[in-house]
Amino acid sequence: MESHDCVDEGAALWDNSAMNTTLLSGLNPPQLQAVTLPQQSALILAGAGSGKTRVLITRIAYLISTGAVSPHGILAVTFTNKAAKEMVTRLSAMLPVNTRGMWIGTFHGLCNRLLRAHYREANLPQAFQILDSGDQLSAIKRVMKALDVNDEKYPPRELQNFISSSKEQGLRAHDVEAFDPYTRRKVEVYAAYDAQCQKEGVVDFSELLLRCYELLSRNSAIREHYQARFTHILVDEFQDTNPLQYQWLKLLAGKNNSLFAVGDDDQSIYAFRGANVGNMKDLLRDFKVDAVIKLEQNYRSHGNILDAANALISNNKNRLGKNLWTSEQGGEKLRVMEAPTDVEEANFIVSEIRQLKAEGLKLTEMALLYRSNAQSRVLEHALVSAGLSYRVYGGLRFFERQEIKHALAYLRLMQNTEDDNALLRIINFPTRGIGARSIEQLQEAAKLHGTTLWDAAARAGGKVTAFVGLIEALRRATRELPLPEIMAHVLLNSGLVLHYKNETGAKKREAEERLENLNELVTAATLFVHENEDDSLTSFLTHASLEAGEHQAGDQDDALHLMTVHAAKGLEFNAVFITGLEEGLFPHQNSQRVDGGLDEERRLMYVAITRARRRLYLSFAQRRMLNGQVSFSAPSSFLQELPDELLLWLSPRAVPRNPFAAFGYVAPVAAPVQCAVSDTGWRTGQRVMHQKFGEGVVTGAEGSGNDGRVQVNFKHAGSKWLALEYAKLTAL
DNA sequence: CGCACGTGGTTTTTT
DNA sequence: ACCACGTGCG
């Protein structure tokens with residue numbers, strides 16, 4: 001990613017002293033300091049584009065090449081499989097030793113590895129299966145049904161959230177404080193859910209971490225073994241760790257090991273899923289870190305882009321403090337466009353893309369970013385009409401597709417008959433005449449005898465018996481086969497392939513795609529066998545759950561990148577379009593409800609801006625289709641936070657400078673106004689004063705004249721609808 | 001059993 | 001506007 005990588009030089013690599021020069025050349029002073037730090041815990045505050053991944057990898061290479069540690073003693077943790085893979089690849093290019101002794105992986109991957117190695121001590125079956133969030137949700141629904149929980153009062157999704165976030169805080173059901181009946185009921189479901197998972201031999205994602213944490217904290221022999229082994233623990237994207245992950249790291253680090261954490265508090269954009277930036281400050285305290293190293297030189301963006309990013313982020317409170325700079329001063333100004341509608345915004349973007357393309361910039365070098373997925377629609381439409389190829393990132397992943405999940409469920413059930421989730425998924429898919437009624441009977445029988453559904457099915461009759469026979473036949477026939485052949489056999493003999501082949505009419509196309517995916521599944525299995533030593537079925541199923549897989553074709557085409565700002569973190573492009581910069585959309589209106597929500601939105605904007613290397617477009621629309629209705633919004637307040645002199649307006653300037661910005665006043669986020677066809681004389685975005693409620697911003701209006709009413713978001717009193725007949729409002 | 005229609009929700013997401 | 005999910009009918 002960073003341009004100057006220092007690899008090769010054949011023989012020199014084998015010579016320690018020569019190698020270090022090769023390794024270390026091209027590092028700037030703080031980077032060098034970070035890489036060559038003596039054994040101690042450290043926090044590397046690494047700004048966007050400052051070479052943080054490079055530092056992390058070079059640090060490992062340095063430690064090994066100087067003999068400070070053998071590969072055996074390295075534990076490197078990331079959040080995504082992609083990051084872990086990149087680390088392994090770059091490291092093996094840099095080091096002549098093999099990377100095998102090192103443990104490099106995601107939190108979940110590493111915990112899985114530990115739990116497999118010590119499954120008895122962790123009280124798990126050897127071949128325990130991993131539930132993805134979809135599986136987890138259906139498991140929760142089953143528990144709720146069994147406990148007769150009202151799913152209107154307790155939406156399953158909310159329970160899922162409750163359980164996951166409790167686990168991420170390190171709390172078991174009995175640890176959760178419940179003072180009201182509502183919470184007590186949720187705790188009950190939590191406890192029953194965990195019991196069900198235990199019985200069925202499955203674990204969800206957060207369970208992997210919590211169970212592993214408990215294993216290490218309760219079993220001193222195992223803990224001490226790994227503490228003695230992993231003398232150097234390195235963590236990427238540390239700002240994204242949740243409390244449990246941090247506790248896990250602390251446990252492994254013990255008293256003597258060093259924790260080398262790399263992160264950027266300004267790029268913390270995952271608080272909504274439990275990430276705790278506070279871990280950075282805790283780290284300083286808990287590990288008595290005396291040297292915080294800041295990587296502030298940016299190798300990615302031109303000066304103007306960086307200045308804009310710095311200006312924006314300086315509005316945030318509670319930063320650890322960091323200011324990016326670059327030797328690439330100046331560059332182009334940021335281009336700002338106000339369009340009347342979302343459609344015209346998209347058309348403008350298309351014409352700019354065409355222009356850039358004509359100038360020789362590849363489509364892959366451009367990215368279209370937006371705050372929410374729904375926004376891609378209009379953009380896609382414009383791109384299709386213009387004949388520009390693009391790829392939307394995010395969305396359904398390979399192993400999450402329905403047909404793939406069905407196929408894997410057969411394998412899971414064959415391997416572990418206790419897996420009720422898997423059984424329920426396929427007992428009647430393809431349909432074999434086992435209806436809801438029969439399934440209910442099975443569940444009752446299982447409950448009555450305290451057995452699994454499989455055992456109940458074995459004792460049932462008729463069509464259920466045939467199903468049990470099918471699974472057993474599949475198991476028998478594939479016992480001795482290699483993985484890809486098991487896969488192919490199951491696909492053909494389960495009736496899955498036939499089912500999709502028989503599809504006609506409207507569903508034909510869809511079925512064809514599903515068949516292709518099933519084919520791809522055999523390919524994936526073949527690939528897996530080639531790439532992994534452990535080519536067992538269990539191992540493949542784990543791979544499927546833990547690595548839902550980007551498994552999409554078309555990477556080689558010259559296609560534009562479309563994605564949410566979240567998905568863009570860690571990437572960079574020559575030209576970036578940040579779209580939909582409207583108050584209520586970006587910053588998103590919902591962020592208002594959350595403590596620190598606006599700051600997180602601002603960090604998100606910071607991430608978006610810093611993706612651009614040379615050219616950055618900022619665009620917004622006065623009016624757009626939102627949730628099936630036309631809504632009107634004011635320009636994003638973030639635009640006001642960017643210095644005037646860095647902006648090049650391609651449309652007449654629409655954003656007034658905020659005279660209060662200097663005093664730290666930030667207007668509340670206004671919701672996009674729906675159906676704002678009104679004649680009240682008040683325009684959304686207008687700042688107003690009310691005698692009782694004080695200062696606020698008009699966020700909506702309807703009706704006309706004194707019969708109308710306006711919605712005002714007050715700085716202190718919150719959002720209110722006011723009838724104009726009575727309310728005395730003055731414009732500010 | 002399978003389809004048709006109705007209903008509710010709609011920020012961001014990795015494992 | 002659109003999608004995912006659930007219920008009720010043929």
# chains A, B, ... in the order shown; residues from 1 in each chain; ligands from 1
$ interface_residues --of "chain A" --to "chain B" --cutoff "9 Å" --atoms "only C-alpha atoms (C1' of nucleotides)" --output "PyMOL selection string"
chain A and resi 79-81+106-109+132+205-206+269-270+272-273+371-374+431+433+435+545-548+564-567+585+588-591+627
$ closest_atom_pairs --of "chain A" --to "chain C" --cutoff "9 Å" --atoms "only C-alpha atoms (C1' of nucleotides)" --output "CSV"
residue,atom,partner,partner_atom,distance
A:Met625,CA,C:DA1,C1',8.3
A:Leu626,CA,C:DA1,C1',8.0
A:Asn627,CA,C:DA1,C1',6.1
A:Gly628,CA,C:DA1,C1',4.3
A:Gln629,CA,C:DA1,C1',8.0
$ atom_distance --atom1 "CA of Met87 (chain A)" --atom2 "CA of Glu600 (chain A)"
27.7 Å
$ residues_around --residues "Pro587 (chain A)" --least-positions-apart "4" --cutoff "7 Å" --atoms "only C-alpha atoms (C1' of nucleotides)" --output "ChimeraX atom specification"
/A:583,598,601,636
$ write_last_selection --atoms "N, CA, C and O atoms" --output "short mmCIF file (atom, residue, chain, number, x, y, z; two decimals), in the first residue's frame"
data_model
loop_
_atom_site.label_atom_id
_atom_site.label_comp_id
_atom_site.auth_asym_id
_atom_site.auth_seq_id
_atom_site.Cartn_x
_atom_site.Cartn_y
_atom_site.Cartn_z
N GLU A 583 -27.16 17.42 5.79
CA GLU A 583 -27.46 17.35 7.21
C GLU A 583 -28.57 16.32 7.43
O GLU A 583 -29.63 16.39 6.80
N LEU A 598 -22.14 12.57 17.15
CA LEU A 598 -21.69 13.51 16.13
C LEU A 598 -20.18 13.42 15.94
O LEU A 598 -19.68 13.52 14.82
N GLU A 601 -19.50 10.56 13.74
CA GLU A 601 -19.81 10.91 12.35
C GLU A 601 -18.66 11.73 11.76
O GLU A 601 -18.30 11.57 10.60
N SER A 636 -24.52 19.54 4.59
CA SER A 636 -23.89 19.00 5.79
C SER A 636 -23.11 20.06 6.55
O SER A 636 -22.39 20.86 5.96
#
$ residues_around --residues "Ala422 (chain A)" --least-positions-apart "6" --cutoff "7 Å" --atoms "only C-alpha atoms (C1' of nucleotides)" --output "ChimeraX atom specification"
/A:409,412-413
$ write_last_selection --atoms "C-alpha atoms" --output "PDB file, in the first residue's frame"
ATOM      1  CA  ALA A 409     -26.031 -27.454   6.836  1.00  0.00           C
ATOM      2  CA  ARG A 412     -22.764 -29.904   9.577  1.00  0.00           C
ATOM      3  CA  LEU A 413     -25.543 -32.265  10.416  1.00  0.00           C
TER       4      LEU A 413
END
$ residues_around --residues "Asn316 (chain A)" --least-positions-apart "6" --cutoff "10 Å" --atoms "only C-alpha atoms (C1' of nucleotides)" --output "list in words"
Asp266, Gly596, Leu598, Asp599, Glu600, Arg602, Arg603 and Gly664 of chain A
$ residues_around --residues "Ala127 (chain A)" --least-positions-apart "4" --cutoff "10 Å" --atoms "only C-alpha atoms (C1' of nucleotides)" --output "VMD selection string"
chain A and resid 116 119 201 to 202 412 415 to 416 537 to 539 541 to 542
$ write_last_selection --atoms "C-alpha atoms" --output "mmCIF file, in the first residue's frame"
data_model
loop_
_atom_site.group_PDB
_atom_site.id
_atom_site.type_symbol
_atom_site.label_atom_id
_atom_site.label_comp_id
_atom_site.auth_asym_id
_atom_site.auth_seq_id
_atom_site.Cartn_x
_atom_site.Cartn_y
_atom_site.Cartn_z
ATOM 1 C CA ARG A 116 -9.784 -26.316 19.252
ATOM 2 C CA TYR A 119 -11.568 -28.182 23.610
ATOM 3 C CA GLY A 201 -22.192 -28.014 20.551
ATOM 4 C CA VAL A 202 -22.157 -24.652 18.826
ATOM 5 C CA ARG A 412 -22.764 -29.904 9.577
ATOM 6 C CA GLN A 415 -20.795 -34.349 11.217
ATOM 7 C CA ASN A 416 -22.630 -33.349 14.334
ATOM 8 C CA LEU A 537 -14.388 -31.135 7.100
ATOM 9 C CA THR A 538 -14.453 -29.453 10.501
ATOM 10 C CA SER A 539 -11.674 -27.184 9.448
ATOM 11 C CA LEU A 541 -16.723 -25.527 8.049
ATOM 12 C CA THR A 542 -14.865 -23.307 10.488
#
$ select_by_dssp --residues "region 346-405 of chain A" --states "strand (DSSP E or B)" --output "MDAnalysis selection string"
chainID A and resid 366:370 390:392
$ select_by_dssp --residues "region 11-162 of chain A" --states "alpha helix (DSSP H)" --output "MDAnalysis selection string"
chainID A and resid 16:24 29:35 52:65 81:94 107:117 133:147 156:162
$ decode --residues "chain C" --atoms "C-alpha atoms (C1' of nucleotides)" --output "tab-separated table (two decimals), in the first residue's frame"
chain	number	residue	atom	x	y	z
C	1	DA	C1'	-39.11	2.80	-2.89
C	2	DC	C1'	-37.67	-1.49	-1.61
C	3	DC	C1'	-36.77	-5.51	0.83
C	4	DA	C1'	-37.32	-9.17	4.18
C	5	DC	C1'	-40.32	-11.59	6.78
C	6	DG	C1'	-44.76	-13.60	8.36
C	7	DT	C1'	-49.56	-15.09	7.73
C	8	DG	C1'	-53.36	-16.89	5.40
C	9	DC	C1'	-55.47	-19.04	1.58
C	10	DG	C1'	-55.98	-22.32	-2.39
